[in-house]
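File shown: start.txt (compact mmCIF, C-alpha atoms).
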# COMPACT_ATOMS: atom_id res chain seq x y z
CA MET D 25 171.40 103.35 71.45
CA SER D 26 174.24 100.85 71.07
CA THR D 27 174.25 100.24 74.83
CA GLN D 28 170.73 98.82 74.73
CA PRO D 29 170.20 95.05 74.66
CA ALA D 30 169.49 93.47 71.30
CA VAL D 31 166.13 91.78 70.77
CA ALA D 32 166.44 88.10 70.02
CA GLY D 33 165.32 86.98 66.60
CA THR D 34 165.53 90.34 64.85
CA ALA D 35 165.70 90.53 61.08
CA SER D 36 169.45 91.11 61.18
CA GLU D 37 169.74 87.43 62.08
CA LYS D 38 167.46 86.03 59.41
CA THR D 39 166.41 86.42 55.80
CA PRO D 40 163.90 89.29 55.41
CA ALA D 41 160.31 88.16 55.02
CA LYS D 42 158.84 88.18 51.54
CA LEU D 43 156.57 91.12 50.79
CA VAL D 44 153.78 91.03 48.21
CA PHE D 45 152.99 94.37 46.59
CA ALA D 46 151.21 93.12 43.47
CA ALA D 47 148.01 91.19 43.99
CA PRO D 48 147.57 87.85 42.19
CA ARG D 49 145.77 88.09 38.86
CA ARG D 50 142.10 87.12 39.15
CA GLY D 51 138.87 87.91 37.36
CA LYS D 52 137.60 91.44 37.86
CA PRO D 53 134.40 92.19 39.79
CA PRO D 54 131.52 93.37 37.59
CA ARG D 55 131.32 97.11 36.93
CA HIS D 56 129.38 99.00 39.58
CA LEU D 57 128.07 102.53 39.94
CA ALA D 58 130.55 103.16 42.79
CA ASP D 59 133.50 102.40 40.51
CA LEU D 60 132.64 105.41 38.35
CA THR D 61 132.79 109.18 38.67
CA SER D 62 129.60 111.16 38.07
CA ALA D 63 130.72 111.98 34.53
CA GLU D 64 131.55 108.34 33.81
CA ARG D 65 128.13 107.22 35.06
CA ARG D 66 126.39 109.63 32.72
CA GLU D 67 128.50 108.40 29.81
CA VAL D 68 127.66 104.76 30.55
CA VAL D 69 123.94 105.52 30.84
CA ALA D 70 124.05 107.39 27.52
CA GLU D 71 125.83 104.45 25.89
CA LEU D 72 122.95 102.27 27.11
CA GLY D 73 120.57 104.49 25.16
CA GLU D 74 119.10 106.25 28.19
CA LYS D 75 119.07 109.93 29.09
CA PRO D 76 122.20 110.88 31.09
CA PHE D 77 120.19 112.38 33.98
CA ARG D 78 119.07 108.84 34.82
CA ALA D 79 122.60 108.31 36.17
CA ASP D 80 122.02 111.08 38.70
CA GLN D 81 118.72 109.51 39.75
CA LEU D 82 120.37 106.13 40.24
CA SER D 83 123.23 107.72 42.17
CA ARG D 84 120.81 109.56 44.44
CA HIS D 85 119.09 106.29 45.34
CA TYR D 86 122.37 104.51 46.05
CA PHE D 87 124.39 107.19 47.85
CA ALA D 88 121.84 109.58 49.36
CA ARG D 89 118.82 107.37 50.07
CA LEU D 90 120.81 104.14 50.62
CA VAL D 91 118.22 102.19 48.64
CA ASP D 92 119.05 98.55 47.96
CA ASP D 93 115.63 97.46 46.68
CA PRO D 94 115.16 98.49 43.03
CA ALA D 95 111.37 98.42 43.47
CA LYS D 96 111.70 101.53 45.65
CA MET D 97 113.34 103.53 42.84
CA THR D 98 109.92 104.67 41.67
CA ASP D 99 111.10 107.78 39.79
CA LEU D 100 112.73 105.45 37.26
CA PRO D 101 110.39 103.79 34.73
CA ALA D 102 110.29 100.04 35.34
CA VAL D 103 112.00 99.07 32.06
CA VAL D 104 114.72 101.70 32.52
CA ARG D 105 115.19 100.73 36.16
CA GLU D 106 115.63 97.07 35.35
CA ARG D 107 118.26 97.79 32.73
CA LEU D 108 120.24 100.31 34.77
CA VAL D 109 120.20 98.16 37.89
CA ALA D 110 121.45 95.16 35.90
CA GLU D 111 124.27 97.23 34.35
CA LEU D 112 125.30 99.44 37.28
CA LEU D 113 124.12 97.87 40.52
CA PRO D 114 125.20 94.22 40.36
CA THR D 115 125.45 92.29 43.62
CA LEU D 116 129.10 92.52 44.64
CA LEU D 117 129.11 91.35 48.26
CA THR D 118 127.11 88.77 50.16
CA PRO D 119 127.23 88.66 53.97
CA VAL D 120 128.10 85.12 55.05
CA ARG D 121 128.53 85.74 58.77
CA GLU D 122 127.81 88.53 61.24
CA MET D 123 129.05 88.75 64.83
CA ASP D 124 128.43 91.46 67.40
CA CYS D 125 129.61 92.45 70.84
CA ASP D 126 129.53 95.53 73.10
CA ASP D 127 125.76 95.07 73.46
CA GLY D 128 125.35 95.03 69.69
CA THR D 129 127.17 98.32 69.02
CA THR D 130 130.17 96.56 67.42
CA LEU D 131 129.28 94.50 64.35
CA LYS D 132 131.73 92.47 62.29
CA THR D 133 130.64 91.20 58.88
CA VAL D 134 132.39 88.53 56.83
CA TRP D 135 131.73 89.26 53.16
CA LYS D 136 131.91 86.90 50.18
CA ALA D 137 132.76 88.52 46.87
CA PHE D 138 131.65 87.41 43.40
CA ASP D 139 134.61 85.02 43.15
CA GLY D 140 134.21 83.48 46.61
CA VAL D 141 136.94 85.60 48.22
CA LEU D 142 136.28 86.45 51.87
CA PHE D 143 137.09 89.65 53.74
CA GLU D 144 135.73 91.60 56.69
CA SER D 145 134.52 94.99 57.83
CA VAL D 146 133.68 96.24 61.33
CA LEU D 147 131.10 98.85 62.33
CA MET D 148 131.63 100.47 65.74
CA ARG D 149 129.03 102.77 67.23
CA TYR D 150 130.05 105.15 70.02
CA PRO D 151 127.89 107.74 71.81
CA ASP D 152 129.27 110.56 69.65
CA ARG D 153 130.15 108.85 66.37
CA ALA D 154 129.94 105.70 64.25
CA THR D 155 133.09 104.38 62.63
CA MET D 156 133.42 101.92 59.76
CA CYS D 157 136.67 99.96 59.61
CA VAL D 158 136.95 98.81 56.00
CA SER D 159 139.17 96.37 54.15
CA SER D 160 141.07 97.33 51.02
CA GLN D 161 142.41 93.88 50.15
CA ALA D 162 141.43 90.28 50.76
CA GLY D 163 144.34 89.28 52.95
CA CYS D 164 147.57 91.26 53.08
CA GLY D 165 151.03 90.89 51.58
CA MET D 166 152.99 92.83 54.22
CA ASN D 167 153.66 89.72 56.36
CA CYS D 168 153.74 91.43 59.78
CA PRO D 169 154.17 88.43 62.13
CA PHE D 170 151.88 89.66 64.92
CA CYS D 171 148.90 90.30 62.61
CA ALA D 172 146.44 87.55 61.65
CA THR D 173 145.69 89.23 58.31
CA GLY D 174 149.37 89.55 57.43
CA GLN D 175 150.00 85.91 58.20
CA ALA D 176 147.16 84.86 55.88
CA GLY D 177 148.91 86.35 52.83
CA LEU D 178 147.39 88.35 49.99
CA THR D 179 144.57 86.92 47.89
CA ARG D 180 143.67 89.96 45.79
CA ASN D 181 142.97 93.68 45.76
CA LEU D 182 139.40 94.85 46.28
CA SER D 183 137.77 97.09 43.71
CA THR D 184 136.67 100.63 44.50
CA ALA D 185 133.04 99.50 44.61
CA GLU D 186 133.79 96.53 46.87
CA ILE D 187 135.32 98.98 49.35
CA VAL D 188 132.44 101.46 49.06
CA GLU D 189 129.87 98.67 49.45
CA GLN D 190 131.24 97.94 52.93
CA VAL D 191 130.50 101.54 53.88
CA THR D 192 127.03 101.67 52.33
CA ALA D 193 126.13 98.43 54.11
CA GLY D 194 127.13 99.98 57.43
CA ALA D 195 125.28 103.18 56.56
CA ARG D 196 122.10 101.21 55.83
CA ALA D 197 122.38 99.28 59.09
CA LEU D 198 122.63 102.52 61.05
CA ALA D 199 119.96 104.39 59.08
CA ARG D 200 117.49 101.53 59.55
CA GLY D 201 118.06 101.26 63.29
CA ARG D 202 119.72 97.84 63.22
CA ILE D 203 122.41 99.02 65.62
CA PRO D 204 121.32 99.84 69.19
CA GLY D 205 120.92 103.57 69.77
CA GLY D 206 118.31 104.37 67.15
CA PRO D 207 118.74 105.49 63.54
CA GLY D 208 122.12 107.07 62.83
CA ARG D 209 124.77 107.65 60.19
CA VAL D 210 128.35 106.67 59.53
CA SER D 211 130.54 109.59 60.55
CA ASN D 212 134.09 108.17 60.31
CA ILE D 213 135.90 105.80 57.97
CA VAL D 214 139.18 104.07 58.80
CA PHE D 215 141.11 102.06 56.22
CA MET D 216 142.43 99.75 58.92
CA GLY D 217 140.72 96.50 58.01
CA MET D 218 142.31 93.76 55.95
CA GLY D 219 145.11 94.77 53.61
CA GLU D 220 147.65 97.53 53.05
CA PRO D 221 145.59 100.40 51.59
CA LEU D 222 148.45 102.10 49.77
CA ALA D 223 149.34 98.83 48.01
CA ASN D 224 145.92 99.11 46.32
CA TYR D 225 146.34 102.80 45.68
CA LYS D 226 144.05 103.46 42.70
CA ALA D 227 141.04 101.61 44.10
CA VAL D 228 141.47 103.13 47.56
CA MET D 229 141.69 106.66 46.19
CA GLY D 230 138.58 106.00 44.11
CA ALA D 231 136.80 104.75 47.23
CA VAL D 232 137.88 107.79 49.24
CA ARG D 233 136.42 110.05 46.57
CA ARG D 234 133.13 108.11 46.40
CA ILE D 235 132.92 108.21 50.19
CA THR D 236 133.62 111.93 50.42
CA ASP D 237 132.09 113.42 47.26
CA PRO D 238 128.83 115.28 48.02
CA ALA D 239 125.62 113.40 47.27
CA PRO D 240 124.53 112.26 44.79
CA ALA D 241 128.09 111.82 43.50
CA GLY D 242 129.08 110.09 46.74
CA LEU D 243 128.23 109.59 50.40
CA GLY D 244 129.20 113.09 51.46
CA ILE D 245 131.38 112.13 54.43
CA SER D 246 134.07 114.72 55.19
CA GLN D 247 137.61 113.90 54.05
CA ARG D 248 138.72 114.97 57.53
CA ALA D 249 136.73 112.03 58.92
CA VAL D 250 138.64 109.50 56.78
CA THR D 251 141.86 107.83 57.95
CA VAL D 252 144.13 105.96 55.54
CA SER D 253 146.60 103.62 57.23
CA THR D 254 149.91 102.32 55.89
CA VAL D 255 152.87 100.31 57.11
CA GLY D 256 155.10 102.80 55.33
CA LEU D 257 155.10 102.51 51.53
CA VAL D 258 157.09 105.71 51.02
CA PRO D 259 156.46 106.30 47.28
CA ALA D 260 152.72 105.85 47.84
CA ILE D 261 152.76 108.26 50.80
CA GLU D 262 154.46 110.79 48.54
CA LYS D 263 151.82 110.18 45.88
CA LEU D 264 149.06 110.68 48.47
CA THR D 265 150.70 113.95 49.53
CA ALA D 266 150.50 115.18 45.95
CA GLU D 267 146.73 114.47 45.85
CA GLY D 268 146.12 117.49 48.08
CA MET D 269 143.54 115.65 50.18
CA SER D 270 142.73 116.32 53.83
CA VAL D 271 142.35 112.70 54.94
CA ARG D 272 144.33 111.65 57.99
CA LEU D 273 147.44 109.54 57.43
CA ALA D 274 148.11 106.78 59.97
CA VAL D 275 151.52 105.10 59.98
CA SER D 276 151.76 101.65 61.55
CA LEU D 277 155.24 102.07 63.04
CA HIS D 278 155.35 99.55 65.94
CA ALA D 279 159.07 100.14 66.60
CA PRO D 280 161.26 103.26 66.61
CA ASP D 281 164.50 101.45 65.69
CA ASP D 282 165.28 99.76 62.38
CA GLU D 283 166.66 96.60 63.97
CA LEU D 284 163.34 95.66 65.58
CA ARG D 285 161.09 97.15 62.91
CA ASP D 286 162.80 95.02 60.26
CA GLU D 287 161.28 92.05 62.07
CA LEU D 288 157.90 93.43 63.12
CA VAL D 289 157.14 95.30 59.87
CA PRO D 290 159.11 93.61 57.08
CA VAL D 291 158.58 96.52 54.65
CA ASN D 292 161.13 98.32 56.83
CA ASN D 293 163.80 96.31 55.01
CA ARG D 294 162.99 98.52 52.00
CA TRP D 295 162.07 101.87 53.60
CA LYS D 296 163.64 102.60 56.96
CA VAL D 297 162.06 104.43 59.90
CA ALA D 298 163.64 107.78 59.01
CA GLU D 299 162.39 107.60 55.40
CA VAL D 300 158.87 106.68 56.50
CA LEU D 301 158.69 109.51 59.03
CA ASP D 302 160.13 112.05 56.57
CA ALA D 303 157.35 111.13 54.11
CA ALA D 304 154.77 111.38 56.90
CA TRP D 305 155.95 114.85 57.96
CA ALA D 306 155.76 116.01 54.34
CA TYR D 307 152.16 114.83 54.25
CA ALA D 308 151.41 116.69 57.48
CA ASP D 309 152.97 119.86 56.09
CA ARG D 310 150.91 119.66 52.89
CA SER D 311 147.59 118.62 54.45
CA GLY D 312 147.75 120.46 57.76
CA ARG D 313 146.58 117.22 59.43
CA ARG D 314 148.48 115.60 62.25
CA VAL D 315 149.82 112.14 61.50
CA SER D 316 148.70 109.22 63.64
CA ILE D 317 151.48 106.86 64.68
CA GLU D 318 150.05 103.40 65.36
CA TYR D 319 152.09 101.36 67.83
CA ALA D 320 151.02 97.89 68.99
CA LEU D 321 152.47 97.29 72.45
CA ILE D 322 153.96 93.78 72.62
CA LYS D 323 155.16 92.37 75.91
CA ASP D 324 158.97 92.39 76.23
CA VAL D 325 159.37 93.09 72.51
CA ASN D 326 158.77 96.79 71.80
CA ASP D 327 157.47 98.16 75.09
CA GLN D 328 160.76 99.03 76.83
CA ALA D 329 161.09 102.47 78.39
CA TRP D 330 164.14 103.27 76.26
CA ARG D 331 162.11 102.61 73.12
CA ALA D 332 159.46 105.03 74.37
CA ASP D 333 162.17 107.64 74.82
CA LEU D 334 163.58 106.97 71.36
CA LEU D 335 160.11 107.22 69.83
CA GLY D 336 159.50 110.48 71.67
CA ARG D 337 162.72 111.98 70.35
CA LEU D 338 161.88 110.92 66.79
CA LEU D 339 158.40 112.44 66.90
CA ARG D 340 158.69 115.61 68.96
CA GLY D 341 158.31 118.91 67.18
CA ASN D 342 156.05 117.42 64.50
CA LEU D 343 152.30 117.41 63.90
CA VAL D 344 151.67 113.98 65.38
CA HIS D 345 149.58 111.86 67.73
CA VAL D 346 150.43 108.36 68.96
CA ASN D 347 147.83 105.60 69.22
CA LEU D 348 149.11 102.84 71.49
CA ILE D 349 147.34 99.55 70.79
CA PRO D 350 147.49 96.76 73.39
CA LEU D 351 148.33 93.77 71.21
CA ASN D 352 145.22 91.78 70.38
CA PRO D 353 145.62 87.99 70.58
CA THR D 354 145.76 85.98 67.37
CA PRO D 355 145.76 82.17 67.00
CA GLY D 356 149.20 80.62 67.45
CA SER D 357 150.95 83.89 68.23
CA LYS D 358 153.96 83.75 70.57
CA TRP D 359 153.38 87.38 71.57
CA THR D 360 150.90 89.05 73.90
CA ALA D 361 149.96 92.50 75.16
CA SER D 362 152.27 94.48 77.43
CA ARG D 363 151.93 94.45 81.20
CA PRO D 364 149.73 97.30 82.48
CA GLN D 365 152.65 98.88 84.32
CA ASP D 366 154.83 98.82 81.19
CA GLU D 367 152.00 100.36 79.17
CA ARG D 368 151.61 103.15 81.72
CA GLU D 369 155.35 103.85 81.73
CA PHE D 370 155.41 103.95 77.92
CA VAL D 371 152.64 106.54 77.99
CA ARG D 372 154.42 108.55 80.68
CA ARG D 373 157.68 108.63 78.72
CA LEU D 374 155.99 109.79 75.52
CA GLU D 375 154.07 112.50 77.33
CA ALA D 376 157.32 113.65 78.96
CA HIS D 377 158.57 114.35 75.41
CA GLY D 378 155.43 116.40 74.72
CA ILE D 379 153.84 113.76 72.48
CA PRO D 380 150.01 113.48 72.59
CA VAL D 381 149.17 109.83 73.17
CA THR D 382 146.04 107.69 73.45
CA VAL D 383 145.69 104.03 74.42
CA ARG D 384 143.25 102.68 71.88
CA ASP D 385 140.02 101.04 72.92
CA THR D 386 140.22 97.35 71.95
CA ARG D 387 136.61 97.06 70.84
CA GLY D 388 135.72 93.91 68.95
CA ARG D 389 138.35 91.69 70.57
CA GLU D 390 135.71 89.11 71.60
CA ILE D 391 134.69 88.60 67.96
CA ASP D 392 138.21 88.80 66.49
CA GLY D 393 137.30 92.20 65.14
CA ALA D 394 140.02 94.30 66.76
CA CYS D 395 143.26 95.55 65.19
CA GLY D 396 145.36 92.72 63.78
CA GLN D 397 142.68 90.05 64.25
CA LEU D 398 140.81 90.12 60.93
CA ALA D 399 141.22 86.82 59.16
CA ALA D 400 137.86 86.38 57.35
CA SER D 401 136.93 83.10 58.99
CA THR D 402 133.44 81.66 58.56
CA LYS D 403 133.96 79.05 61.27
CA ASP D 404 131.90 79.12 64.46

Let me see whether you can do it: turn the structure in this file into structure tokens.
Amino acid sequence: MSTQPAVAGTASEKTPAKLVFAAPRRGKPPRHLADLTSAERREVVAELGEKPFRADQLSRHYFARLVDDPAKMTDLPAVVRERLVAELLPTLLTPVREMDCDDGTTLKTVWKAFDGVLFESVLMRYPDRATMCVSSQAGCGMNCPFCATGQAGLTRNLSTAEIVEQVTAGARALARGRIPGGPGRVSNIVFMGMGEPLANYKAVMGAVRRITDPAPAGLGISQRAVTVSTVGLVPAIEKLTAEGMSVRLAVSLHAPDDELRDELVPVNNRWKVAEVLDAAWAYADRSGRRVSIEYALIKDVNDQAWRADLLGRLLRGNLVHVNLIPLNPTPGSKWTASRPQDEREFVRRLEAHGIPVTVRDTRGREIDGACGQLAASTKD
């Protein structure tokens, strides 16, 4: 591709952006039921001097019945209930702002954690499903310049329970009919909120297991309905492959060539496009799940027809699907979404290479709840 024009301001002309893989040291959230496996819950309850089966009762209320009022846990004696709730169901998250759009079927919540840290989750209800977009970190250390979260920097990792609590809150809202359409349930989970999920690997894997373990151990959502996104942390993708899970892997690629991706996704300075895709194909081989390639279309930056052809050649013959995302506006950004005709041509070129492609619905844009817009603001 040496005959193609260079893109001004690529990383080859500047010092690579700083990436933050380790979260700053802060106080830990209090221990919560959702941090623990079923066996660990029983051990903790026994250490508190109660019969281990009480852990199963508490778990059934939290995961299966979605109870958040201890007074409704009537199968637990009052004294036992008070003690177990204090030890295993502390308040982790407080909603400080809610915004909705799409006639109330898209709901964004700004959460405040025990230490005042803010982060966001988005619940999106469709006619055939309800999807929770959850955050895995407060902020993000990957420094992608077109993403509001990345520009905010990383504050800290979220705990397993802080991640799960976002899902249970959405599940309660649906079950209690708060979202238009009548009572419902969360059917899909996407780790595409704030943060790089694979940079908080242990907590995210714990959350995936709590979300997918059958009740009362967890929420009982199918692993196949869970998507874990990454900008391309190759060692963590390899570690995920070894887990033997059936969650979907989504790779935020955004450019098929290293020159441009070095700028758009600074982690590319460490793991190049070929390495990231090799790791993704290994995951597809092991899991049997097709990999989602996430590609934000940016006007005159990565939406050229030749880049579509290059992307098609890189992907063809593999178990893959491309999600094209019209760039969502963020404050102060110099970039904007592609022209409609350029978007259509990009789609046409990919399909000509036999690549399945979808242009993603930009739900939540009006409330800064779409991809790349989450910044945990409490301002009006």

- Task: Please identify all polymer residues within 9 Å of stretch 246-254 of chain D, counting only C-alpha atoms, omitting same-chain residues fewer than 5 positions from it, and present them as a ChimeraX atom specification.
- Result: /D:211-216,220-223,228,232-233,235-238,261,269-277,313,316,318

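Of the residues listed (D:Lys296, D:Lys96, D:Arg65, D:Lys136), D:Lys136 shows the shortest atom-to-atom separation from D:Pro53; distances use all atoms listed in the file.
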
**Prompt:** Residues around (164.6, 107.7, 55.9), cut-off 12 Å, counting only C-alpha atoms - what are they as a list in words?
**Reply:**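 Residues with an atom at most 12 Å from (164.6, 107.7, 55.9): Gly256, Leu257, Val258, Pro259, Asp281, Asp282, Asn292, Asn293, Arg294, Trp295, Lys296, Val297, Ala298, Glu299, Val300, Leu301, Asp302, Ala303, Ala304, Trp305 and Leu338 of chain D.
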
Could you turn the residues from that selection into a file that holds C-alpha atoms, as a PDB file, keeping the file's coordinate frame?
ATOM      1  CA  GLY D 256     155.100 102.800  55.330  1.00  0.00           C
ATOM      2  CA  LEU D 257     155.100 102.510  51.530  1.00  0.00           C
ATOM      3  CA  VAL D 258     157.090 105.710  51.020  1.00  0.00           C
ATOM      4  CA  PRO D 259     156.460 106.300  47.280  1.00  0.00           C
ATOM      5  CA  ASP D 281     164.500 101.450  65.690  1.00  0.00           C
ATOM      6  CA  ASP D 282     165.280  99.760  62.380  1.00  0.00           C
ATOM      7  CA  ASN D 292     161.130  98.320  56.830  1.00  0.00           C
ATOM      8  CA  ASN D 293     163.800  96.310  55.010  1.00  0.00           C
ATOM      9  CA  ARG D 294     162.990  98.520  52.000  1.00  0.00           C
ATOM     10  CA  TRP D 295     162.070 101.870  53.600  1.00  0.00           C
ATOM     11  CA  LYS D 296     163.640 102.600  56.960  1.00  0.00           C
ATOM     12  CA  VAL D 297     162.060 104.430  59.900  1.00  0.00           C
ATOM     13  CA  ALA D 298     163.640 107.780  59.010  1.00  0.00           C
ATOM     14  CA  GLU D 299     162.390 107.600  55.400  1.00  0.00           C
ATOM     15  CA  VAL D 300     158.870 106.680  56.500  1.00  0.00           C
ATOM     16  CA  LEU D 301     158.690 109.510  59.030  1.00  0.00           C
ATOM     17  CA  ASP D 302     160.130 112.050  56.570  1.00  0.00           C
ATOM     18  CA  ALA D 303     157.350 111.130  54.110  1.00  0.00           C
ATOM     19  CA  ALA D 304     154.770 111.380  56.900  1.00  0.00           C
ATOM     20  CA  TRP D 305     155.950 114.850  57.960  1.00  0.00           C
ATOM     21  CA  LEU D 338     161.880 110.920  66.790  1.00  0.00           C
TER      22      LEU D 338
END

Hey, could you make a per-residue contact list for stretch 144-163 of chain D against stretch 182-190 of chain D with 12 Å as the cut-off, showing the nearest pair of atoms and its distance in Å to one decimal, counting all atoms listed in the file, sorted by chain and number, as CSV?
residue,atom,partner,partner_atom,distance
D:Glu144,CA,D:Gln190,CA,8.6
D:Ser145,CA,D:Gln190,CA,6.6
D:Val146,CA,D:Gln190,CA,8.9
D:Leu147,CA,D:Gln190,CA,9.4
D:Thr155,CA,D:Gln190,CA,11.8
D:Met156,CA,D:Gln190,CA,8.2
D:Cys157,CA,D:Gln190,CA,8.8
D:Val158,CA,D:Gln190,CA,6.5
D:Ser159,CA,D:Ile187,CA,6.7
D:Ser160,CA,D:Leu182,CA,5.6
D:Gln161,CA,D:Leu182,CA,5.0
D:Ala162,CA,D:Leu182,CA,6.7
D:Gly163,CA,D:Leu182,CA,10.0

- request: Check the smallest atom-to-atom distance from each of D:Ala79, D:Leu198, D:Ala58, D:Leu113 to D:Gly128 using all atoms listed in the file, then report the winner.
  value: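 That would be D:Leu198, the residue with the smallest distance to D:Gly128.
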
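Using all atoms listed in the file, the protein and nucleic acid residues lying no more than 8 Å from D:Asp366, apart from those fewer than 5 places from it along its own chain, are D:Asp327, D:Gln328, D:Ala329.
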
Given all atoms listed in the file as the basis, pick out the residue of D:Phe170, D:Tyr307, D:Tyr150, D:Phe143 nearest to D:Arg209.
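Of all the options, D:Tyr150 lies closest to D:Arg209.
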
**Item:** Residues within 12 Å of stretch 356-364 of chain D, all atoms listed in the file, excluding chain neighbours under 6 positions, as a ChimeraX atom specification
**Value:** /D:168-172,175,288,319-329,348-350,370-371,383,386,396-397

* To do: Can you work out which one of D:Tyr225, D:Glu71, D:Leu108, D:Arg50 has the shortest atom-to-atom distance to D:Val141, counting all atoms listed in the file?
  =>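 Between D:Tyr225, D:Glu71, D:Leu108, D:Arg50, the residue approaching D:Val141 most closely is D:Arg50.
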
Grab the atom CA of D:Arg180 to atom CA of D:Asp93 distance for me, in Å with one decimal place.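 Atom CA of D:Asp93 lies 29.0 Å from atom CA of D:Arg180.
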
The distance between atom CA of D:Gly206 and atom CA of D:Asp99 is 28.5 Å

Here atom CA of D:Glu111 and atom CA of D:Val191 stand apart by 20.9 Å
